[in-house]
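Raw target-v3.cif, mmCIF, C-alpha atoms:
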data_run
loop_
_atom_site.label_atom_id
_atom_site.label_comp_id
_atom_site.auth_asym_id
_atom_site.auth_seq_id
_atom_site.Cartn_x
_atom_site.Cartn_y
_atom_site.Cartn_z
CA MET A 1 -26.21 -2.69 -0.89
CA SER A 2 -28.75 -0.01 -1.65
CA THR A 3 -31.70 -0.36 -4.01
CA SER A 4 -30.24 2.04 -6.55
CA GLU A 5 -27.10 -0.10 -6.76
CA LYS A 6 -29.12 -3.24 -7.45
CA HIS A 7 -31.19 -1.63 -10.18
CA GLY A 8 -28.67 0.99 -11.31
CA ASN A 9 -26.11 1.03 -14.07
CA PRO A 10 -24.42 -2.41 -14.10
CA GLU A 11 -21.30 -0.81 -15.59
CA ILE A 12 -20.64 0.92 -12.26
CA LYS A 13 -18.78 -1.46 -9.95
CA PRO A 14 -19.40 -1.11 -6.21
CA PHE A 15 -16.76 0.33 -3.88
CA TRP A 16 -14.60 -2.10 -1.94
CA PRO A 17 -15.98 -3.02 1.50
CA PRO A 18 -14.34 -0.80 4.18
CA LEU A 19 -12.49 -3.71 5.82
CA ALA A 20 -10.92 -4.80 2.52
CA ALA A 21 -10.06 -1.21 1.56
CA GLY A 22 -8.60 -0.60 5.02
CA ILE A 23 -6.38 -3.69 4.89
CA ALA A 24 -5.21 -2.72 1.38
CA LEU A 25 -4.47 0.86 2.50
CA GLY A 26 -2.62 -0.44 5.58
CA LEU A 27 -0.42 -2.69 3.42
CA VAL A 28 0.31 0.19 1.00
CA LEU A 29 1.26 2.36 3.98
CA LEU A 30 3.47 -0.39 5.39
CA LEU A 31 5.18 -0.79 2.00
CA THR A 32 5.73 2.98 1.89
CA PHE A 33 7.38 2.96 5.33
CA VAL A 34 9.58 -0.01 4.38
CA LEU A 35 10.62 1.59 1.07
CA SER A 36 11.01 5.25 1.99
CA ALA A 37 11.23 5.35 5.83
CA HIS A 38 8.28 7.75 5.93
CA GLY A 39 4.55 7.42 5.34
CA LEU A 40 2.09 8.58 2.70
CA GLY A 41 1.25 12.26 2.33
CA ALA A 42 -0.50 14.80 0.17
CA SER A 43 -0.24 18.40 1.36
CA GLY A 44 3.57 18.18 1.29
CA ALA A 45 3.34 17.99 -2.50
CA ALA A 46 1.33 21.24 -2.48
CA THR A 47 4.11 22.86 -0.43
CA ASP A 48 6.75 21.63 -2.91
CA VAL A 49 4.69 22.97 -5.83
CA VAL A 50 4.19 26.38 -4.15
CA ALA A 51 7.91 26.59 -3.31
CA GLY A 52 8.95 25.44 -6.80
CA VAL A 53 6.57 27.75 -8.68
CA GLY A 54 7.49 30.59 -6.30
CA LEU A 55 11.16 30.05 -7.16
CA GLN A 56 10.29 30.45 -10.86
CA LEU A 57 7.94 33.44 -10.59
CA ALA A 58 9.41 35.37 -7.66
CA PRO A 59 12.85 33.90 -6.87
CA GLU A 60 14.00 36.66 -4.50
CA ALA A 61 10.79 36.73 -2.44
CA THR A 62 10.68 32.92 -2.25
CA LYS A 63 14.31 32.63 -1.12
CA ALA A 64 13.73 35.37 1.47
CA ASN A 65 10.53 33.78 2.80
CA GLY A 66 10.95 32.32 6.29
CA TYR A 67 8.96 29.18 5.48
CA LEU A 68 9.73 28.50 1.81
CA GLY A 69 13.31 29.81 1.80
CA PRO A 70 14.95 26.78 3.46
CA MET A 71 13.01 24.47 1.09
CA VAL A 72 14.46 26.06 -2.04
CA ALA A 73 18.01 26.41 -0.70
CA ASP A 74 19.10 23.39 -2.79
CA GLY A 75 16.96 24.24 -5.81
CA SER A 76 13.35 23.50 -6.72
CA PRO A 77 11.61 20.86 -4.58
CA ILE A 78 9.50 19.83 -7.59
CA GLY A 79 10.75 16.32 -8.32
CA SER A 80 10.80 15.37 -4.64
CA TRP A 81 9.45 11.98 -3.51
CA MET A 82 6.23 13.68 -2.44
CA THR A 83 5.59 15.28 -5.85
CA TRP A 84 6.14 11.92 -7.60
CA GLU A 85 3.87 10.26 -5.07
CA ILE A 86 1.01 12.70 -5.69
CA LEU A 87 1.40 12.19 -9.46
CA GLY A 88 1.09 8.48 -8.70
CA VAL A 89 -2.10 9.12 -6.69
CA ALA A 90 -3.57 10.82 -9.76
CA ILE A 91 -2.66 7.86 -12.01
CA GLY A 92 -3.90 5.25 -9.52
CA ALA A 93 -7.22 7.02 -8.94
CA LEU A 94 -7.72 7.49 -12.69
CA VAL A 95 -7.10 3.79 -13.39
CA ALA A 96 -9.41 2.75 -10.54
CA ALA A 97 -12.23 5.09 -11.60
CA PHE A 98 -11.98 4.14 -15.28
CA THR A 99 -11.80 0.38 -14.82
CA ALA A 100 -14.76 0.42 -12.40
CA GLY A 101 -16.97 2.61 -14.61
CA ARG A 102 -16.89 5.36 -11.99
CA PHE A 103 -15.24 8.13 -14.04
CA ARG A 104 -17.70 10.94 -14.70
CA VAL A 105 -16.86 14.58 -15.39
CA GLN A 106 -19.07 16.67 -13.12
CA LEU A 107 -19.15 19.53 -10.66
CA ASP A 108 -20.14 17.40 -7.70
CA GLY A 109 -22.39 19.39 -5.35
CA ALA A 110 -23.58 21.83 -8.01
CA ARG A 111 -27.02 20.22 -8.04
CA SER A 112 -27.39 20.02 -4.26
CA VAL A 113 -26.21 23.50 -3.23
CA GLY A 114 -25.93 25.36 -6.57
CA THR A 115 -22.83 26.06 -8.67
CA PRO A 116 -21.73 29.41 -7.11
CA LYS A 117 -22.10 28.16 -3.55
CA ARG A 118 -20.34 24.90 -4.38
CA LEU A 119 -17.38 26.74 -5.94
CA ILE A 120 -17.03 29.07 -2.94
CA ALA A 121 -17.35 26.17 -0.49
CA THR A 122 -14.75 23.98 -2.16
CA LEU A 123 -12.29 26.88 -2.62
CA THR A 124 -12.73 27.93 1.04
CA GLY A 125 -12.43 24.34 2.21
CA GLY A 126 -9.23 23.88 0.25
CA PHE A 127 -7.77 27.09 1.66
CA LEU A 128 -8.56 26.09 5.27
CA ALA A 129 -7.16 22.58 4.72
CA GLY A 130 -4.02 23.90 3.01
CA PHE A 131 -3.36 26.49 5.74
CA GLY A 132 -4.14 24.00 8.52
CA ALA A 133 -1.91 21.33 7.04
CA ARG A 134 1.05 23.72 7.15
CA ILE A 135 0.39 24.43 10.85
CA ALA A 136 0.25 20.71 11.66
CA GLY A 137 3.09 19.84 9.27
CA GLY A 138 0.84 17.55 7.23
CA CYS A 139 -2.76 16.63 6.50
CA THR A 140 -5.10 13.68 6.99
CA SER A 141 -2.74 11.28 5.22
CA GLY A 142 0.64 12.60 6.37
CA VAL A 143 -0.06 13.35 10.04
CA GLY A 144 -3.44 11.66 10.64
CA LEU A 145 -2.90 8.28 8.97
CA SER A 146 0.88 7.85 8.64
CA GLY A 147 1.61 9.54 11.96
CA SER A 148 -0.85 7.38 13.87
CA ALA A 149 0.53 4.20 12.25
CA ALA A 150 3.92 5.33 13.60
CA LEU A 151 2.11 5.76 16.97
CA GLY A 152 2.86 9.50 17.19
CA ILE A 153 1.00 11.32 19.97
CA SER A 154 0.38 14.39 17.81
CA ALA A 155 -1.32 12.21 15.15
CA PHE A 156 -4.06 11.19 17.58
CA VAL A 157 -4.48 14.80 18.74
CA PHE A 158 -4.76 15.79 15.07
CA LEU A 159 -7.38 13.09 14.32
CA ALA A 160 -9.49 13.92 17.39
CA LEU A 161 -9.65 17.64 16.53
CA PHE A 162 -10.08 16.85 12.83
CA PHE A 163 -13.20 14.77 13.38
CA ALA A 164 -14.68 16.89 16.18
CA THR A 165 -14.34 20.10 14.15
CA GLY A 166 -15.50 18.38 10.96
CA MET A 167 -18.67 17.14 12.61
CA LEU A 168 -19.38 20.52 14.16
CA VAL A 169 -18.80 22.52 10.94
CA ASN A 170 -20.80 19.96 8.93
CA ARG A 171 -23.82 20.85 11.04
CA LEU A 172 -23.36 24.58 10.44
CA VAL A 173 -22.45 24.64 6.73
CA LYS A 174 -23.76 22.53 3.87
CA GLY A 175 -20.85 22.53 1.41
CA VAL A 176 -21.79 19.58 -0.83
CA MET B 177 17.48 -4.54 6.67
CA PHE B 178 14.59 -2.09 6.24
CA PRO B 179 13.80 0.71 5.59
CA LEU B 180 15.47 0.99 2.19
CA ASN B 181 15.38 4.83 2.25
CA GLU B 182 14.31 4.86 -1.38
CA THR B 183 13.17 8.44 -1.90
CA GLY B 184 13.41 8.63 -5.68
CA MET B 185 10.93 8.81 -8.53
CA LEU B 186 10.09 5.09 -8.81
CA SER B 187 9.44 4.68 -5.09
CA GLY B 188 7.23 7.78 -5.08
CA LEU B 189 5.28 6.77 -8.17
CA LEU B 190 4.76 3.19 -6.97
CA CYS B 191 3.50 4.16 -3.51
CA GLY B 192 1.35 6.94 -4.98
CA ILE B 193 -0.27 4.76 -7.66
CA LEU B 194 -1.22 2.14 -5.07
CA PHE B 195 -2.45 4.86 -2.67
CA GLY B 196 -4.62 6.50 -5.32
CA TYR B 197 -5.95 3.16 -6.54
CA VAL B 198 -7.07 2.19 -3.03
CA LEU B 199 -8.48 5.68 -2.23
CA GLU B 200 -10.75 5.67 -5.28
CA ASN B 201 -11.82 2.05 -4.73
CA ALA B 202 -12.72 2.88 -1.13
CA GLY B 203 -15.05 5.58 -2.47
CA PHE B 204 -12.88 8.44 -1.22
CA GLY B 205 -12.97 10.36 -4.49
CA SER B 206 -16.58 11.27 -3.73
CA PRO B 207 -17.31 14.28 -1.50
CA VAL B 208 -20.77 12.76 -0.84
CA LYS B 209 -19.22 9.57 0.52
CA LEU B 210 -16.57 11.48 2.48
CA SER B 211 -18.90 14.00 4.13
CA ALA B 212 -21.37 11.25 5.05
CA GLN B 213 -18.85 10.31 7.77
CA PHE B 214 -19.43 13.67 9.47
CA LYS B 215 -23.20 13.06 9.26
CA LEU B 216 -22.53 9.61 10.82
CA THR B 217 -24.57 7.90 8.08
CA ASP B 218 -21.58 6.24 6.33
CA TRP B 219 -18.60 5.17 8.44
CA ALA B 220 -16.30 4.14 5.58
CA VAL B 221 -13.78 6.92 6.41
CA PHE B 222 -13.41 5.85 10.07
CA LYS B 223 -13.45 2.15 9.23
CA VAL B 224 -10.88 2.35 6.44
CA MET B 225 -8.54 4.73 8.30
CA PHE B 226 -8.62 2.75 11.55
CA THR B 227 -8.12 -0.58 9.78
CA ALA B 228 -5.21 0.85 7.77
CA LEU B 229 -3.48 2.39 10.77
CA VAL B 230 -3.76 -0.82 12.82
CA VAL B 231 -2.54 -2.99 9.91
CA ALA B 232 0.44 -0.69 9.29
CA ALA B 233 1.25 -0.22 13.00
CA VAL B 234 1.14 -3.98 13.70
CA GLY B 235 3.15 -4.62 10.53
CA LEU B 236 5.84 -2.16 11.62
CA TRP B 237 5.96 -3.74 15.08
CA LEU B 238 6.25 -7.27 13.62
CA LEU B 239 9.05 -6.21 11.26
CA ARG B 240 10.94 -4.64 14.18
CA PHE B 241 10.27 -7.70 16.36
CA ALA B 242 11.65 -9.96 13.61
CA GLY B 243 14.73 -7.76 13.38
CA LEU B 244 13.96 -6.69 9.81
CA LEU B 245 13.31 -3.01 10.55
CA ARG B 246 15.88 -0.81 12.29
CA PRO B 247 14.53 0.68 15.53
CA ASP B 248 13.75 4.43 15.40
CA SER B 249 14.24 4.45 11.65
CA ILE B 250 10.83 5.62 10.45
CA ALA B 251 9.44 9.15 10.56
CA VAL B 252 7.19 10.05 13.53
CA PRO B 253 5.54 13.49 13.58
CA GLN B 254 6.96 15.79 16.24
CA ALA B 255 4.79 15.93 19.40
CA ALA B 256 3.92 19.62 18.93
CA LEU B 257 0.42 19.28 20.31
CA MET B 258 -0.85 22.83 19.72
CA ALA B 259 0.09 22.62 16.04
CA ALA B 260 -1.52 19.18 15.74
CA ALA B 261 -4.73 20.43 17.41
CA ALA B 262 -5.02 23.71 15.50
CA GLY B 263 -3.99 22.15 12.19
CA GLY B 264 -6.30 19.17 12.70
CA ALA B 265 -9.22 21.50 13.44
CA LEU B 266 -8.58 23.58 10.31
CA VAL B 267 -8.17 20.54 8.05
CA GLY B 268 -11.38 19.10 9.55
CA ALA B 269 -13.24 22.38 8.97
CA GLY B 270 -11.93 22.51 5.40
CA PHE B 271 -13.02 18.90 4.85
CA ALA B 272 -16.53 19.66 6.13
CA VAL B 273 -16.88 22.82 4.02
CA GLY B 274 -15.18 21.62 0.83
CA GLY B 275 -15.97 17.90 0.96
CA TYR B 276 -12.34 16.77 0.55
CA CYS B 277 -8.95 16.75 2.22
CA PRO B 278 -5.74 17.35 0.23
CA GLY B 279 -5.20 13.65 -0.70
CA THR B 280 -8.81 12.76 -1.45
CA SER B 281 -9.19 15.88 -3.64
CA VAL B 282 -6.64 14.35 -6.03
CA ALA B 283 -8.69 11.11 -6.10
CA GLY B 284 -11.79 13.29 -6.67
CA LEU B 285 -10.26 15.22 -9.58
CA PHE B 286 -9.04 12.07 -11.32
CA SER B 287 -12.46 10.44 -11.06
CA GLY B 288 -13.74 13.45 -13.01
CA ARG B 289 -14.77 15.95 -10.31
CA LEU B 290 -14.05 19.54 -11.25
CA ASP B 291 -15.02 20.82 -7.78
CA ALA B 292 -12.00 18.85 -6.53
CA LEU B 293 -9.77 20.88 -8.88
CA VAL B 294 -11.09 24.06 -7.24
CA PHE B 295 -10.35 22.50 -3.82
CA ILE B 296 -6.75 21.84 -4.94
CA VAL B 297 -6.44 25.50 -6.03
CA GLY B 298 -7.66 26.37 -2.52
CA VAL B 299 -5.01 24.11 -0.95
CA LEU B 300 -2.29 25.84 -3.00
CA LEU B 301 -3.63 29.27 -1.99
CA GLY B 302 -3.83 28.21 1.68
CA THR B 303 -0.24 26.97 1.54
CA THR B 304 0.85 30.26 -0.07
CA GLY B 305 -1.10 32.21 2.54
CA PHE B 306 0.66 30.32 5.33
CA ALA B 307 4.07 31.10 3.81
CA VAL B 308 3.16 34.79 3.42
CA PHE B 309 1.98 35.09 7.05
CA TYR B 310 4.77 32.92 8.44
CA GLY B 311 6.36 34.88 11.25
CA THR B 312 6.63 35.01 15.02
CA ALA B 313 2.96 34.12 15.65
CA LEU B 314 2.81 31.03 13.42
CA ARG B 315 6.30 29.98 14.49
CA SER B 316 5.30 29.98 18.17
CA LEU B 317 2.00 28.22 17.35
CA LYS B 318 3.99 25.45 15.68
CA SER B 319 6.22 24.96 18.73
CA ALA B 320 3.65 25.39 21.54
CA TRP B 321 2.85 22.45 23.83
CA LEU B 322 5.86 20.56 22.54
CA ILE B 323 6.60 17.35 24.41
CA ALA B 324 10.37 17.35 24.73
CA GLU B 325 10.69 13.76 26.04
CA GLY B 326 9.72 12.16 22.74
CA ASP B 327 7.01 11.70 20.13
CA THR B 328 5.29 8.38 20.92
CA PHE B 329 3.27 7.06 23.89
CA THR B 330 6.05 4.52 24.44
CA ASP B 331 8.79 7.17 24.59
CA VAL B 332 6.91 9.72 26.70
CA TYR B 333 4.63 7.68 28.99
CA ALA B 334 6.51 4.35 28.90
CA VAL B 335 3.41 2.51 27.61
CA PRO B 336 4.73 -0.71 26.03
CA GLU B 337 4.09 -0.79 22.28
CA PRO B 338 2.00 -4.02 22.38
CA VAL B 339 -0.33 -2.28 24.88
CA VAL B 340 -0.75 0.69 22.52
CA LEU B 341 -1.47 -1.73 19.66
CA ALA B 342 -3.99 -3.66 21.78
CA ILE B 343 -5.83 -0.41 22.67
CA LEU B 344 -5.94 0.50 18.98
CA GLY B 345 -7.26 -2.99 18.17
CA VAL B 346 -10.11 -2.54 20.67
CA ALA B 347 -10.81 0.92 19.21
CA LEU B 348 -10.94 -0.63 15.73
CA ILE B 349 -13.54 -3.18 16.81
CA ALA B 350 -15.54 -0.40 18.49
CA VAL B 351 -15.45 1.71 15.30
CA PHE B 352 -16.86 -1.18 13.25
CA TYR B 353 -19.45 -2.09 15.89
CA PHE B 354 -20.80 1.41 16.56
CA GLY B 355 -20.31 2.53 12.97
CA SER B 356 -22.43 -0.31 11.61
CA TRP B 357 -25.05 0.41 14.28
CA PHE B 358 -25.25 4.08 13.17
CA GLU B 359 -25.34 2.99 9.50
CA ARG B 360 -28.32 0.69 10.13
CA ARG B 361 -30.21 3.50 11.88
CA GLY B 362 -29.40 6.15 9.25
CA SER B 363 -30.32 6.66 5.62
CA GLY B 364 -27.86 4.01 4.39
CA THR B 365 -24.27 4.14 3.15
CA VAL B 366 -23.35 5.91 -0.09
CA SER B 367 -23.12 3.37 -2.94
CA ALA B 368 -20.84 3.74 -5.97
CA GLN B 369 -23.93 4.41 -8.09
CA GLN B 370 -25.02 7.27 -5.82
CA ALA B 371 -21.48 8.65 -5.66
CA VAL B 372 -21.14 8.71 -9.46
CA GLU B 373 -24.55 10.41 -9.80
CA GLY B 374 -23.25 13.16 -7.52
CA ALA B 375 -24.69 15.10 -4.59
CA ARG B 376 -28.43 15.71 -4.72
#
Could you write out this structure as structure tokens?
Amino acid sequence: MSTSEKHGNPEIKPFWPPLAAGIALGLVLLLTFVLSAHGLGASGAATDVVAGVGLQLAPEATKANGYLGPMVADGSPIGSWMTWEILGVAIGALVAAFTAGRFRVQLDGARSVGTPKRLIATLTGGFLAGFGARIAGGCTSGVGLSGSAALGISAFVFLALFFATGMLVNRLVKGV
Amino acid sequence: MFPLNETGMLSGLLCGILFGYVLENAGFGSPVKLSAQFKLTDWAVFKVMFTALVVAAVGLWLLRFAGLLRPDSIAVPQAALMAAAAGGALVGAGFAVGGYCPGTSVAGLFSGRLDALVFIVGVLLGTTGFAVFYGTALRSLKSAWLIAEGDTFTDVYAVPEPVVLAILGVALIAVFYFGSWFERRGSGTVSAQQAVEGAR
């Protein structure tokens, strides 16, 4: 425990220790497999939203698109398991942050790197992660975590490149 | 007999709520906490992910061993190694630049971080960009270095599953041992107080 935590705002509860959080996350993942036959995910919900919104705004182009077309063949994918799950993530995180006194509206990173740079960094980071997740067929949670729990070879390849590239880029760019 | 193949609203909401609750409590709504893993000063990301994957993998094995889970019934990502490598590298680069990944950005936004909302907009734009550029090049990237024999170490290299689990168990202990060693040498882990105060 750091000094600032000892003398800081007593309303702010500490994070769970990594071992406890890891066991909890592992049990949630196991429950997800047992219930739904697949693991947890995140970027899949973004794909469903893009396909669903595309179907509303530009139905012909979306249906004709090689990637999104097959996803909207049976109607909008908004309302899929993955979109409900990501809504759940929002609710769960909100409850956790509020009950632990950790909810604070802020532009995190604005003070350390400046607002314009922070906005560009986070938008660029999101774009790279979104594009990359579609190449891999999932992101850190879908391929990295759930895939490795299912002992998939590609999940470990994903994680190795994820951390190696992350460490390298972290040394070149200060985004936060 | 599991899995129940429940893919409706309640199943999604339940799993998501628990996922989000754990993510935020682990500190993964904070880009400061998350990027400290890449600086090797806070190993919470490695520790939590490795613990979770071992708990879930052992749990799945035990359920199968007890005859409660149908064999080959859960989703395993396809062993398309080029896609996994290229996608993993891009998600890692995005994480380092933006401070989040797609899942943790939702935890970030709902603990009040507006930069996480901008990250989510980026994810949606990146997804759209992929769909727009989807053609021969991306299609062949997604299917390059595909292992046809199967998707797991057990299927492809005939490594018995308990051996894979044992190797992961050793790796988990190593992550905690070396991680804690790095944390003691570095500037200290990111506390909840520091995370709420934001990057400085």
Subject >> Residues in the PyMOL selection byres ((chain A and resi 11) around 8), expressed as an MDAnalysis selection string >> reply: chainID A and resid 9:10 12:13 100:101
**OP:** Can you give me, as a ChimeraX atom specification, the residues this file yields under the PyMOL selection byres ((chain A and resi 85-94) around 9)?
**Re:** /A:40-42,45,80-84,95-99,103 /B:185-201,205,279,282-288
**OP:** Could you give me, as a PyMOL selection string, the residues that sit within 10 Å of (-0.1, 20.7, 25.1) in the file's coordinates, counting all atoms listed in the file?
**Re:** (chain A and resi 154+157) or (chain B and resi 255-261+319-323)
Mind writing the picked residues with C-alpha atoms as a PDB file, in the frame of the given file?
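Writing the result to out-v5.pdb gives the following:
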ATOM      1  CA  SER A 154       0.380  14.390  17.810  1.00  0.00           C
ATOM      2  CA  VAL A 157      -4.480  14.800  18.740  1.00  0.00           C
TER       3      VAL A 157
ATOM      4  CA  ALA B 255       4.790  15.930  19.400  1.00  0.00           C
ATOM      5  CA  ALA B 256       3.920  19.620  18.930  1.00  0.00           C
ATOM      6  CA  LEU B 257       0.420  19.280  20.310  1.00  0.00           C
ATOM      7  CA  MET B 258      -0.850  22.830  19.720  1.00  0.00           C
ATOM      8  CA  ALA B 259       0.090  22.620  16.040  1.00  0.00           C
ATOM      9  CA  ALA B 260      -1.520  19.180  15.740  1.00  0.00           C
ATOM     10  CA  ALA B 261      -4.730  20.430  17.410  1.00  0.00           C
ATOM     11  CA  SER B 319       6.220  24.960  18.730  1.00  0.00           C
ATOM     12  CA  ALA B 320       3.650  25.390  21.540  1.00  0.00           C
ATOM     13  CA  TRP B 321       2.850  22.450  23.830  1.00  0.00           C
ATOM     14  CA  LEU B 322       5.860  20.560  22.540  1.00  0.00           C
ATOM     15  CA  ILE B 323       6.600  17.350  24.410  1.00  0.00           C
TER      16      ILE B 323
END
Subject >> Output of the PyMOL selection byres ((chain A and resi 47-63) around 7), listed as number ranges by chain >> reply: A: 43-46, 64-65, 68-69, 72, 76-78; B: 300, 303-304
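Closest approach to chain B among A:Leu168, A:Gly138, A:Ala24, A:Gly125 is made by A:Gly125 (distances from only C-alpha atoms).
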Within 8 Å of segment 141-146 of chain A using only C-alpha atoms, minus same-chain residues under 4 positions, as a CSV table (one decimal) with C-alpha atoms, in the coordinates of the input:
chain,number,residue,atom,x,y,z
A,29,LEU,CA,1.3,2.4,4.0
A,38,HIS,CA,8.3,7.8,5.9
A,39,GLY,CA,4.6,7.4,5.3
A,40,LEU,CA,2.1,8.6,2.7
A,41,GLY,CA,1.2,12.3,2.3
A,42,ALA,CA,-0.5,14.8,0.2
A,43,SER,CA,-0.2,18.4,1.4
A,136,ALA,CA,0.2,20.7,11.7
A,137,GLY,CA,3.1,19.8,9.3
A,150,ALA,CA,3.9,5.3,13.6
A,154,SER,CA,0.4,14.4,17.8
A,155,ALA,CA,-1.3,12.2,15.2
A,156,PHE,CA,-4.1,11.2,17.6
A,158,PHE,CA,-4.8,15.8,15.1
A,159,LEU,CA,-7.4,13.1,14.3
B,225,MET,CA,-8.5,4.7,8.3
B,228,ALA,CA,-5.2,0.8,7.8
B,229,LEU,CA,-3.5,2.4,10.8
B,253,PRO,CA,5.5,13.5,13.6
B,279,GLY,CA,-5.2,13.6,-0.7
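From atom CA of Phe295 of chain B back to atom CA of Leu119 of chain A, the distance works out to 8.5 Å.
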**OP:** For atom CA of Pro17 of chain A and atom CA of Ser367 of chain B, quote the distance in Å rounded to one decimal.
**Re:** 10.6 Å
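Distances from A:Val113, A:Cys139, A:Leu31, A:Ala164 to Pro179 of chain B were compared using only C-alpha atoms, and the smallest one belongs to A:Leu31.
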Original post:
Interatomic distance between atom CA of Val332 of chain B and atom CA of Ile250 of chain B?
Top reply: 17.2 Å
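Residues in contact with Arg289 of chain B at up to 10 Å, not including ones fewer than 5 positions away on its chain and judged by all atoms listed in the file, are A:Phe103, A:Arg104, A:Val105, A:Gln106, A:Leu107, A:Asp108, A:Gly109, B:Gly205, B:Ser206, B:Pro207, B:Ser281, B:Val282, B:Ala283, B:Gly284, B:Val294, B:Val372, B:Gly374.
Proximity of B:Ala212, B:Ala375, B:Ala334, B:Ala324 to chain A, computed with all atoms listed in the file, is greatest for B:Ala375.
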